[in-house]
>>> print(open('entry_37.tsv').read())   # TSV, C-alpha atoms
chain	number	residue	atom	x	y	z
A	213	MET	CA	0.00	0.00	0.00
A	214	ILE	CA	2.83	2.42	0.87
A	215	MET	CA	4.57	1.74	-2.47
A	216	LYS	CA	1.26	2.18	-4.31
A	217	ASN	CA	0.64	5.57	-2.66
A	218	LEU	CA	4.23	6.66	-3.37
A	219	LEU	CA	3.85	5.71	-7.05
A	220	THR	CA	0.54	7.59	-7.25
A	221	ASN	CA	2.14	10.74	-5.81
A	222	ILE	CA	5.10	10.49	-8.19
A	223	LEU	CA	2.79	10.13	-11.19
A	224	SER	CA	0.71	13.10	-9.99
A	225	ALA	CA	3.85	15.22	-9.63
A	226	ILE	CA	4.92	14.27	-13.15
A	227	SER	CA	1.46	15.23	-14.45
A	228	ILE	CA	1.63	18.64	-12.74
A	229	PHE	CA	5.17	19.19	-14.03
A	230	ILE	CA	4.06	18.43	-17.60
A	231	PHE	CA	1.12	20.83	-17.15
A	232	LEU	CA	3.39	23.62	-15.94
A	233	VAL	CA	5.96	23.09	-18.68
A	234	SER	CA	3.53	22.63	-21.54
A	235	CYS	CA	1.39	25.65	-20.59
A	236	GLY	CA	4.23	27.99	-19.70
A	237	LYS	CA	5.48	30.70	-21.99
A	238	ASP	CA	9.00	29.72	-21.02
A	239	ASN	CA	9.96	26.23	-19.89
A	240	PRO	CA	11.34	26.23	-16.33
A	241	SER	CA	14.92	25.15	-15.94
A	242	LEU	CA	15.50	21.50	-15.11
A	243	PRO	CA	15.93	20.79	-11.39
A	244	THR	CA	19.42	20.34	-10.04
A	245	LYS	CA	20.50	17.12	-8.32
A	246	GLU	CA	19.78	18.77	-4.98
A	247	GLU	CA	16.31	19.81	-6.13
A	248	GLU	CA	15.55	16.32	-7.38
A	249	LYS	CA	15.34	15.00	-3.83
A	250	PRO	CA	11.64	14.35	-3.15
A	251	VAL	CA	10.04	16.56	-0.55
A	252	LYS	CA	8.17	14.15	1.69
A	253	GLU	CA	6.09	16.73	3.55
A	254	VAL	CA	6.02	20.39	4.51
A	255	ASN	CA	4.24	22.00	7.44
A	256	LEU	CA	1.95	24.66	6.05
A	257	PRO	CA	0.64	27.50	8.21
A	258	VAL	CA	-3.08	28.14	8.59
A	259	ALA	CA	-4.64	31.25	7.05
A	260	SER	CA	-6.59	33.46	9.42
A	261	ARG	CA	-9.71	33.45	7.23
A	262	ILE	CA	-11.32	32.34	4.00
A	263	SER	CA	-10.76	34.63	1.04
A	264	ASP	CA	-11.99	32.86	-2.09
A	265	LEU	CA	-14.40	29.95	-1.60
A	266	ALA	CA	-15.14	27.68	-4.58
A	267	LEU	CA	-18.49	25.89	-4.46
A	268	ILE	CA	-17.87	22.32	-5.59
A	269	TYR	CA	-21.06	20.42	-6.46
A	270	HIS	CA	-19.69	16.97	-5.88
A	271	GLY	CA	-21.19	13.50	-5.91
A	272	GLY	CA	-24.42	13.81	-7.83
A	273	SER	CA	-25.17	12.00	-11.05
A	274	GLY	CA	-24.08	14.06	-14.04
A	275	ARG	CA	-21.38	15.96	-12.14
A	276	ILE	CA	-17.76	15.85	-13.19
A	277	PRO	CA	-15.89	13.55	-10.78
A	278	TYR	CA	-13.37	16.22	-9.67
A	279	THR	CA	-10.29	14.12	-10.22
A	280	PRO	CA	-6.84	15.69	-9.66
A	281	ASP	CA	-6.66	16.57	-13.38
A	282	GLN	CA	-9.91	18.51	-13.02
A	283	MET	CA	-9.48	19.90	-9.53
A	284	LYS	CA	-6.01	21.31	-10.23
A	285	HIS	CA	-7.63	24.08	-12.30
A	286	TYR	CA	-9.32	25.33	-9.11
A	287	VAL	CA	-6.17	25.01	-7.00
A	288	PHE	CA	-3.71	26.90	-9.19
A	289	ARG	CA	-3.03	28.30	-12.63
A	290	ASN	CA	0.16	28.19	-14.63
A	291	ASN	CA	2.11	31.39	-15.20
A	292	ALA	CA	5.18	30.90	-17.39
A	293	GLY	CA	5.90	27.50	-15.92
A	294	LYS	CA	5.22	28.35	-12.29
A	295	PRO	CA	1.99	27.95	-10.31
A	296	GLU	CA	-0.10	30.84	-9.02
A	297	PHE	CA	-2.59	29.76	-6.39
A	298	LEU	CA	-6.29	30.39	-6.91
A	299	TYR	CA	-9.13	29.38	-4.56
A	300	ASP	CA	-7.91	28.93	-1.00
A	301	SER	CA	-11.15	27.30	0.20
A	302	PHE	CA	-13.62	24.73	-1.09
A	303	LEU	CA	-17.25	24.11	-0.15
A	304	PHE	CA	-18.41	20.59	-1.02
A	305	LEU	CA	-22.16	20.30	-1.46
A	306	GLU	CA	-24.80	18.51	-3.48
A	307	ILE	CA	-28.48	19.24	-4.04
A	308	TYR	CA	-29.82	16.80	-6.63
A	309	THR	CA	-28.87	13.29	-7.60
A	310	THR	CA	-30.43	10.25	-9.20
A	311	ILE	CA	-30.06	6.98	-7.30
A	312	ASN	CA	-31.49	3.78	-8.76
A	313	GLY	CA	-33.51	5.80	-11.25
A	314	GLN	CA	-35.08	8.09	-8.63
A	315	LEU	CA	-34.37	11.81	-8.28
A	316	PHE	CA	-33.55	12.98	-4.75
A	317	ASP	CA	-33.26	16.54	-3.43
A	318	PHE	CA	-31.08	17.15	-0.36
A	319	GLY	CA	-32.38	20.70	0.06
A	320	VAL	CA	-36.16	20.91	-0.19
A	321	GLU	CA	-39.18	18.75	-0.90
A	322	GLY	CA	-40.53	19.24	-4.41
A	323	GLU	CA	-42.74	17.72	-7.06
A	324	GLY	CA	-41.05	14.84	-8.84
A	325	ARG	CA	-38.22	14.72	-6.30
A	326	LYS	CA	-37.98	12.22	-3.47
A	327	VAL	CA	-36.93	13.17	0.06
A	328	PRO	CA	-33.61	11.47	0.91
A	329	GLY	CA	-33.17	9.41	4.05
A	330	LYS	CA	-30.28	7.84	5.90
A	331	SER	CA	-29.29	5.56	3.03
A	332	GLU	CA	-29.11	8.50	0.60
A	333	TRP	CA	-27.21	10.62	3.13
A	334	THR	CA	-24.76	7.74	3.54
A	335	TRP	CA	-24.47	7.50	-0.24
A	336	LEU	CA	-23.61	11.21	-0.33
A	337	LEU	CA	-20.92	10.74	2.33
A	338	ASP	CA	-19.42	7.88	0.33
A	339	GLU	CA	-19.33	10.02	-2.81
A	340	THR	CA	-17.95	13.04	-0.98
A	341	PHE	CA	-15.02	11.07	0.41
A	342	ALA	CA	-14.47	8.84	-2.63
A	343	LYS	CA	-10.85	7.91	-3.28
A	344	ASP	CA	-8.89	10.33	-5.50
A	345	ARG	CA	-11.88	12.66	-5.95
A	346	GLY	CA	-12.98	15.91	-4.35
A	347	PRO	CA	-10.99	16.56	-1.16
A	348	ASP	CA	-8.58	13.75	-2.07
A	349	ALA	CA	-7.93	15.48	-5.39
A	350	ILE	CA	-7.04	18.77	-3.69
A	351	GLU	CA	-4.65	16.99	-1.34
A	352	ARG	CA	-3.01	15.10	-4.19
A	353	THR	CA	-2.67	18.24	-6.32
A	354	ILE	CA	-0.97	20.15	-3.53
A	355	ASP	CA	1.23	17.20	-2.63
A	356	SER	CA	2.34	17.00	-6.26
A	357	LEU	CA	3.22	20.69	-6.23
A	358	VAL	CA	5.13	20.23	-2.99
A	359	GLN	CA	7.20	17.48	-4.62
A	360	LEU	CA	8.15	20.03	-7.30
A	361	GLY	CA	9.04	22.66	-4.70
A	362	TYR	CA	5.89	24.77	-5.08
A	363	ALA	CA	4.08	24.63	-1.73
A	364	PRO	CA	1.07	26.93	-1.27
A	365	PRO	CA	1.46	29.68	1.34
A	366	THR	CA	-1.18	28.14	3.62
A	367	LYS	CA	-3.32	25.05	4.01
A	368	ARG	CA	-6.42	25.01	1.83
A	369	LYS	CA	-9.69	25.17	3.77
A	370	VAL	CA	-12.63	22.79	3.33
A	371	VAL	CA	-16.30	23.23	4.25
A	372	PHE	CA	-19.01	20.55	3.96
A	373	ALA	CA	-22.73	21.06	3.47
A	374	ILE	CA	-25.23	19.54	5.89
A	375	PRO	CA	-28.27	18.10	4.07
A	376	ASN	CA	-31.56	19.62	5.14
A	377	PRO	CA	-33.48	17.29	7.49
A	378	ILE	CA	-36.65	17.98	5.51
A	379	PHE	CA	-39.62	18.59	7.76
A	380	GLY	CA	-42.25	15.86	7.92
A	381	ASN	CA	-40.17	12.96	6.64
A	382	LYS	CA	-41.11	9.89	8.69
A	383	SER	CA	-39.04	7.38	6.72
A	384	TRP	CA	-35.54	8.83	7.13
A	385	GLY	CA	-34.25	5.78	9.00
A	386	MET	CA	-32.95	4.89	12.44
A	387	ILE	CA	-30.41	6.30	14.88
A	388	ASP	CA	-29.67	4.51	18.15
A	389	ASN	CA	-32.31	1.90	17.34
A	390	ARG	CA	-35.03	4.52	17.07
A	391	SER	CA	-36.87	5.54	13.91
A	392	MET	CA	-36.49	9.25	13.17
A	393	ASP	CA	-39.62	11.35	12.77
A	394	LEU	CA	-38.62	14.61	11.07
A	395	SER	CA	-41.83	16.33	12.06
A	396	LYS	CA	-40.12	16.57	15.47
A	397	LEU	CA	-37.43	19.18	16.10
A	398	GLU	CA	-35.50	16.76	18.30
A	399	ASP	CA	-35.17	14.19	15.52
A	400	ARG	CA	-34.29	16.75	12.86
A	401	PHE	CA	-31.43	17.90	15.07
A	402	LYS	CA	-30.39	14.32	15.74
A	403	THR	CA	-30.10	13.54	12.01
A	404	ALA	CA	-28.08	16.70	11.34
A	405	SER	CA	-25.80	15.85	14.26
A	406	TRP	CA	-25.38	12.33	12.92
A	407	TYR	CA	-24.24	13.70	9.56
A	408	VAL	CA	-21.74	16.12	11.11
A	409	ASN	CA	-20.28	13.34	13.24
A	410	GLN	CA	-19.99	11.10	10.18
A	411	VAL	CA	-18.06	13.81	8.34
A	412	GLU	CA	-15.74	14.31	11.30
A	413	GLU	CA	-15.00	10.58	11.54
A	414	ARG	CA	-14.31	10.18	7.84
A	415	TRP	CA	-12.19	13.31	7.74
A	416	LYS	CA	-10.04	12.10	10.61
A	417	LYS	CA	-9.39	8.79	8.84
A	418	LYS	CA	-8.11	10.60	5.76
A	419	ASN	CA	-5.23	12.19	7.70
A	420	TYR	CA	-4.79	15.01	5.19
A	421	LYS	CA	-1.61	17.10	5.38
A	422	TYR	CA	-2.43	20.11	3.23
A	423	ILE	CA	-6.15	20.73	3.67
A	424	GLU	CA	-8.08	21.51	6.86
A	425	LEU	CA	-11.74	21.12	7.79
A	426	VAL	CA	-12.94	24.53	8.96
A	427	GLY	CA	-16.71	24.49	8.87
A	428	TYR	CA	-20.17	23.39	7.82
A	429	TYR	CA	-22.66	24.95	5.45
A	430	TRP	CA	-26.42	24.97	6.02
A	431	LEU	CA	-27.83	23.82	2.68
A	432	HIS	CA	-31.34	25.27	2.90
A	433	GLU	CA	-31.17	28.83	1.53
A	434	THR	CA	-33.94	30.32	3.65
A	435	ILE	CA	-35.14	29.97	7.24
A	436	ASP	CA	-38.58	28.36	7.26
A	437	THR	CA	-39.94	29.57	10.60
A	438	PHE	CA	-43.27	27.78	10.05
A	439	ASN	CA	-41.44	24.45	10.33
A	440	GLN	CA	-39.18	25.70	13.15
A	441	ASP	CA	-36.07	25.92	10.99
A	442	ASP	CA	-35.03	28.90	13.10
A	443	LEU	CA	-34.86	26.69	16.19
A	444	LEU	CA	-33.17	23.85	14.32
A	445	VAL	CA	-30.50	26.09	12.81
A	446	ASP	CA	-29.78	27.61	16.20
A	447	GLN	CA	-29.22	24.14	17.69
A	448	VAL	CA	-27.05	22.95	14.80
A	449	GLY	CA	-25.05	26.17	15.00
A	450	THR	CA	-24.39	25.61	18.69
A	451	LEU	CA	-23.15	22.09	17.88
A	452	VAL	CA	-20.87	23.21	15.05
A	453	LYS	CA	-19.44	26.22	16.85
A	454	GLY	CA	-18.84	24.04	19.90
A	455	MET	CA	-16.53	22.00	17.68
A	456	LYS	CA	-14.59	25.19	16.80
A	457	ARG	CA	-15.96	25.11	13.25
A	458	ASP	CA	-17.51	27.89	11.19
A	459	PHE	CA	-21.23	27.70	10.51
A	460	ILE	CA	-21.86	29.16	7.05
A	461	TRP	CA	-24.98	30.15	5.13
A	462	VAL	CA	-25.55	31.40	1.56
A	463	PRO	CA	-29.14	32.71	1.39
A	464	TYR	CA	-30.84	33.68	-1.85
A	465	TYR	CA	-31.70	37.34	-2.35
A	466	GLY	CA	-34.82	38.05	-0.29
A	467	ALA	CA	-34.57	34.95	1.91
A	468	GLN	CA	-36.25	34.93	5.32
A	469	ARG	CA	-33.95	35.99	8.15
A	470	ALA	CA	-31.05	36.85	5.81
A	471	HIS	CA	-30.56	40.19	7.56
A	472	GLU	CA	-30.56	38.36	10.92
A	473	TRP	CA	-27.97	35.76	9.93
A	474	LYS	CA	-25.80	36.51	12.94
A	475	GLU	CA	-28.70	36.33	15.40
A	476	GLN	CA	-29.68	33.05	13.74
A	477	GLY	CA	-26.36	31.56	14.84
A	478	PHE	CA	-24.25	31.62	11.70
A	479	THR	CA	-20.64	32.73	11.94
A	480	LYS	CA	-20.60	33.85	8.31
A	481	ALA	CA	-23.12	34.48	5.54
A	482	TYR	CA	-22.61	35.07	1.82
A	483	GLN	CA	-25.38	36.92	-0.03
A	484	GLN	CA	-26.50	35.52	-3.38
A	485	PRO	CA	-27.25	38.31	-5.86
A	486	ASN	CA	-29.18	35.93	-8.22
A	487	TYR	CA	-28.50	38.36	-11.08
A	488	PHE	CA	-26.80	36.02	-13.55
A	489	PHE	CA	-29.54	33.46	-14.09
A	490	ASP	CA	-32.22	35.54	-15.82
A	491	LEU	CA	-31.35	37.76	-18.79
A	492	ASN	CA	-34.23	40.04	-17.80
A	493	SER	CA	-32.77	40.71	-14.34
A	494	PRO	CA	-31.98	44.43	-14.06
A	495	MET	CA	-28.65	45.70	-12.80
A	496	SER	CA	-30.45	46.85	-9.66
A	497	ILE	CA	-30.74	43.19	-8.60
A	498	LEU	CA	-26.95	42.91	-8.51
A	499	THR	CA	-26.26	46.30	-6.95
A	500	GLY	CA	-29.14	45.87	-4.50
A	501	ALA	CA	-27.76	42.54	-3.30
A	502	ILE	CA	-24.31	44.04	-2.86
A	503	ASP	CA	-25.71	46.98	-0.91
A	504	PHE	CA	-27.77	44.59	1.25
A	505	ALA	CA	-24.65	42.55	2.02
A	506	LEU	CA	-22.65	45.64	2.88
A	507	ARG	CA	-25.45	46.93	5.13
A	508	TYR	CA	-25.67	43.69	7.11
A	509	ASN	CA	-21.98	42.81	7.12
A	510	MET	CA	-22.36	39.81	4.83
A	511	GLU	CA	-19.91	38.41	2.31
A	512	LEU	CA	-20.84	38.04	-1.40
A	513	GLU	CA	-21.33	35.27	-3.92
A	514	PHE	CA	-20.03	35.55	-7.51
A	515	GLU	CA	-22.36	33.63	-9.84
A	516	TYR	CA	-22.11	32.09	-13.30
A	517	ASP	CA	-22.57	28.76	-15.05
A	518	GLY	CA	-21.95	27.07	-18.38
A	519	ARG	CA	-24.06	29.63	-20.24
A	520	VAL	CA	-21.15	32.07	-20.18
A	521	ASN	CA	-20.40	30.80	-23.68
A	522	GLN	CA	-23.34	32.98	-24.78
A	523	ASP	CA	-22.72	36.69	-25.29
A	524	SER	CA	-25.55	37.94	-23.05
A	525	TYR	CA	-24.56	35.76	-20.11
A	526	ARG	CA	-20.90	36.55	-20.66
A	527	GLN	CA	-21.72	40.22	-20.15
A	528	LYS	CA	-23.37	39.38	-16.83
A	529	TYR	CA	-20.15	37.65	-15.74
A	530	TYR	CA	-18.26	40.87	-16.38
A	531	ASP	CA	-21.00	42.88	-14.65
A	532	TYR	CA	-20.21	41.02	-11.43
A	533	ILE	CA	-16.51	41.79	-11.81
A	534	GLU	CA	-17.19	45.47	-12.48
A	535	LYS	CA	-19.76	46.04	-9.71
A	536	PHE	CA	-17.72	44.11	-7.15
A	537	GLU	CA	-14.84	46.44	-7.98
A	538	GLU	CA	-16.97	49.61	-7.83
A	539	LYS	CA	-18.40	48.75	-4.42
A	540	GLY	CA	-15.19	47.52	-2.80
A	541	VAL	CA	-16.12	43.84	-2.65
A	542	TRP	CA	-12.82	42.65	-4.11
A	543	LYS	CA	-10.94	44.78	-1.62
A	544	ASP	CA	-12.90	44.17	1.58
A	545	LYS	CA	-15.06	41.04	1.33
A	546	GLN	CA	-14.77	37.29	1.25
A	547	VAL	CA	-16.24	35.87	-1.94
A	548	ALA	CA	-17.89	32.52	-2.70
A	549	TYR	CA	-17.93	31.41	-6.33
A	550	TYR	CA	-20.88	29.52	-7.85
A	551	ASP	CA	-19.98	28.03	-11.25
A	552	GLY	CA	-23.00	25.79	-11.79
A	553	GLY	CA	-21.02	22.64	-11.11
A	554	GLY	CA	-17.84	22.64	-13.18
A	555	ALA	CA	-17.98	25.69	-15.45
A	556	TRP	CA	-14.63	26.99	-14.18
A	557	TYR	CA	-13.01	23.71	-15.18
A	558	SER	CA	-14.64	23.79	-18.63
A	559	MET	CA	-13.58	27.39	-19.16
A	560	SER	CA	-10.04	26.67	-17.98
A	561	ILE	CA	-9.46	23.97	-20.59
A	562	SER	CA	-11.32	25.76	-23.38
A	563	LYS	CA	-9.46	26.91	-26.50
A	564	ASP	CA	-12.03	29.65	-27.11
A	565	ALA	CA	-10.57	33.15	-26.84
A	566	ASN	CA	-13.61	34.47	-24.97
A	567	MET	CA	-13.40	31.70	-22.39
A	568	LYS	CA	-9.68	32.25	-21.96
A	569	GLY	CA	-10.27	35.95	-21.43
A	570	MET	CA	-12.91	35.33	-18.78
A	571	VAL	CA	-10.70	32.89	-16.87
A	572	LYS	CA	-7.80	35.34	-16.99
A	573	SER	CA	-9.89	38.32	-15.86
A	574	LEU	CA	-11.29	36.57	-12.78
A	575	GLY	CA	-8.10	34.59	-12.21
A	576	ASP	CA	-6.04	37.79	-12.05
A	577	ILE	CA	-8.34	39.12	-9.34
A	578	ILE	CA	-8.21	35.92	-7.29
A	579	VAL	CA	-4.41	35.65	-7.55
A	580	LYS	CA	-4.07	39.24	-6.34
A	581	ARG	CA	-6.47	38.59	-3.46
A	582	GLN	CA	-4.50	35.48	-2.52
A	583	LYS	CA	-1.31	37.48	-2.27
A	584	ASP	CA	-3.05	39.71	0.28
A	585	LEU	CA	-4.28	36.73	2.36
A	586	LYS	CA	-2.42	36.07	5.60
>>> encode(input="entry_37.tsv", output="structure tokens")
Amino acid sequence: MIMKNLLTNILSAISIFIFLVSCGKDNPSLPTKEEEKPVKEVNLPVASRISDLALIYHGGSGRIPYTPDQMKHYVFRNNAGKPEFLYDSFLFLEIYTTINGQLFDFGVEGEGRKVPGKSEWTWLLDETFAKDRGPDAIERTIDSLVQLGYAPPTKRKVVFAIPNPIFGNKSWGMIDNRSMDLSKLEDRFKTASWYVNQVEERWKKKNYKYIELVGYYWLHETIDTFNQDDLLVDQVGTLVKGMKRDFIWVPYYGAQRAHEWKEQGFTKAYQQPNYFFDLNSPMSILTGAIDFALRYNMELEFEYDGRVNQDSYRQKYYDYIEKFEEKGVWKDKQVAYYDGGGAWYSMSISKDANMKGMVKSLGDIIVKRQKDLK
């Protein structure tokens, strides 16, 4: 097993080296004999905060698997044969998936979508921590860079979503030999706690060197007070914060309790502008969301998806860049990045000049922000 892992790391390092050399304007000089000695491990410091948080929709059917070859485009970019680090933090989440021909929704109950239970939550955990994918892929990418002498300045941060214990579900499954009834607040909290504990156990077994678990994300994007979500979120927040983890929320624009995110128990909230998704959305949607976030001391979400290959949506992408600059978001705020589940990867490997320009424009901003992160 040790020899197999060593071979895997060597092959990953070779792959990264080829990527750096082939993409660079100038090939880096060959390593000296001294430099050829493999770096087994380096102790990376911990950054004081999140700066740039990539939302990674991971696990569901139809998603890219986020292998090292895919994930590396989120971790760093090549600049003349040397890496420049991009997103310092990664939020792993999933909303929809098809299992055995049935569509499940981990966020809300809806027509044509089944409510997931313990078996589906366990399936999601298995997918999240699958070998050589997702978090594993980040670790392997960084380890490969370390072998080449290019360690990142700090550990990369990881956040995991907590599925919504959807109110009213009486067939979730059993905990401690008791069937959970999710019409009861006590059982909704118990299922959320079970999931958090499962993540903690699986994370510990991974023994990662270069990534750290820093928090949990509440998947439901509004606070449904009718079903006592306010009480549930408060209890889950107490649990998470008691573990010295961040408790993060990303509400949609106009969500219940968004302005009271801190009173609701979250340590951090990112406001969704929801401007990108509808071509008829006026600029006031974007600027209004930014102003709302600034007023209530929230962070911001940058939004786009695969439709950026269309001129009208491409302009919206640049609208975010421009308005974030005008209102000081790039200078003063943490930013989460929604790419629709893999658009950044697709854009990064595209040969299209427009796609290359978009990746460079946003990449330049992120690289600069990373240099200011301590």
>>> residues_around(input="entry_37.tsv", residues="segment 539-553 of chain A", least_positions_apart="4", cutoff="8 Å", atoms="all atoms listed in the file", output="list in words")
Ile262, Ser263, Asp264, Leu265, Ala266, Leu267, Ile268, Tyr269, His270, Arg275, Ile276, Tyr482, Ile502, Glu511, Leu512, Glu513, Phe514, Glu515, Tyr516, Asp517, Gly518, Lys535, Ile577 and Arg581 of chain A
>>> residues_near_point(input="entry_37.tsv", point="(-23.7, 20.1, 19.3)", cutoff="10 Å", atoms="only C-alpha atoms", output="PyMOL selection string")
chain A and resi 401-402+404-405+408-409+447-455
>>> write_last_selection(input="entry_37.tsv", atoms="C-alpha atoms", output="PDB file, in the coordinates of the input")
ATOM      1  CA  PHE A 401     -31.430  17.900  15.070  1.00  0.00           C
ATOM      2  CA  LYS A 402     -30.390  14.320  15.740  1.00  0.00           C
ATOM      3  CA  ALA A 404     -28.080  16.700  11.340  1.00  0.00           C
ATOM      4  CA  SER A 405     -25.800  15.850  14.260  1.00  0.00           C
ATOM      5  CA  VAL A 408     -21.740  16.120  11.110  1.00  0.00           C
ATOM      6  CA  ASN A 409     -20.280  13.340  13.240  1.00  0.00           C
ATOM      7  CA  GLN A 447     -29.220  24.140  17.690  1.00  0.00           C
ATOM      8  CA  VAL A 448     -27.050  22.950  14.800  1.00  0.00           C
ATOM      9  CA  GLY A 449     -25.050  26.170  15.000  1.00  0.00           C
ATOM     10  CA  THR A 450     -24.390  25.610  18.690  1.00  0.00           C
ATOM     11  CA  LEU A 451     -23.150  22.090  17.880  1.00  0.00           C
ATOM     12  CA  VAL A 452     -20.870  23.210  15.050  1.00  0.00           C
ATOM     13  CA  LYS A 453     -19.440  26.220  16.850  1.00  0.00           C
ATOM     14  CA  GLY A 454     -18.840  24.040  19.900  1.00  0.00           C
ATOM     15  CA  MET A 455     -16.530  22.000  17.680  1.00  0.00           C
TER      16      MET A 455
END
>>> residues_around(input="entry_37.tsv", residues="Leu498 of chain A", least_positions_apart="5", cutoff="12 Å", atoms="only C-alpha atoms", output="list in words")
Tyr465, Gln483, Gln484, Pro485, Asn486, Tyr487, Phe488, Phe489, Asp490, Ser493, Asp503, Phe504, Ala505, Leu512, Glu513, Phe514, Glu515, Lys528, Tyr529, Tyr530, Asp531, Tyr532, Ile533, Glu534, Lys535, Phe536 and Lys539 of chain A
>>> closest_residue(input="entry_37.tsv", among="A:Ile435, A:Val358, A:Val327, A:Leu491", to="Tyr525 of chain A", atoms="all atoms listed in the file")
A:Leu491
>>> closest_residue(input="entry_37.tsv", among="A:Glu398, A:Val258, A:Tyr286, A:Tyr407", to="Trp333 of chain A", atoms="all atoms listed in the file")
A:Tyr407
>>> residues_around(input="entry_37.tsv", residues="Ala259 of chain A", least_positions_apart="2", cutoff="7 Å", atoms="all atoms listed in the file", output="PyMOL selection string")
chain A and resi 257+261+366+586
>>> closest_residue(input="entry_37.tsv", among="A:Gln468, A:Asn376, A:Asn255, A:Ser560", to="Trp430 of chain A", atoms="only C-alpha atoms")
A:Asn376
>>> closest_residue(input="entry_37.tsv", among="A:Arg289, A:His432, A:Lys369, A:Lys382", to="Pro463 of chain A", atoms="all atoms listed in the file")
A:His432
>>> residues_near_point(input="entry_37.tsv", point="(-20.6, 16.1, 6.0)", cutoff="9 Å", atoms="only C-alpha atoms", output="ChimeraX atom specification")
/A:304-305,336-337,340,371-375,407-412,414,428
>>> residues_around(input="entry_37.tsv", residues="Thr309 of chain A", least_positions_apart="4", cutoff="9 Å", atoms="all atoms listed in the file", output="ChimeraX atom specification")
/A:271-274,314-318
>>> atom_distance(input="entry_37.tsv", atom1="atom CA of Asn439 of chain A", atom2="atom CA of Leu394 of chain A")
10.3 Å
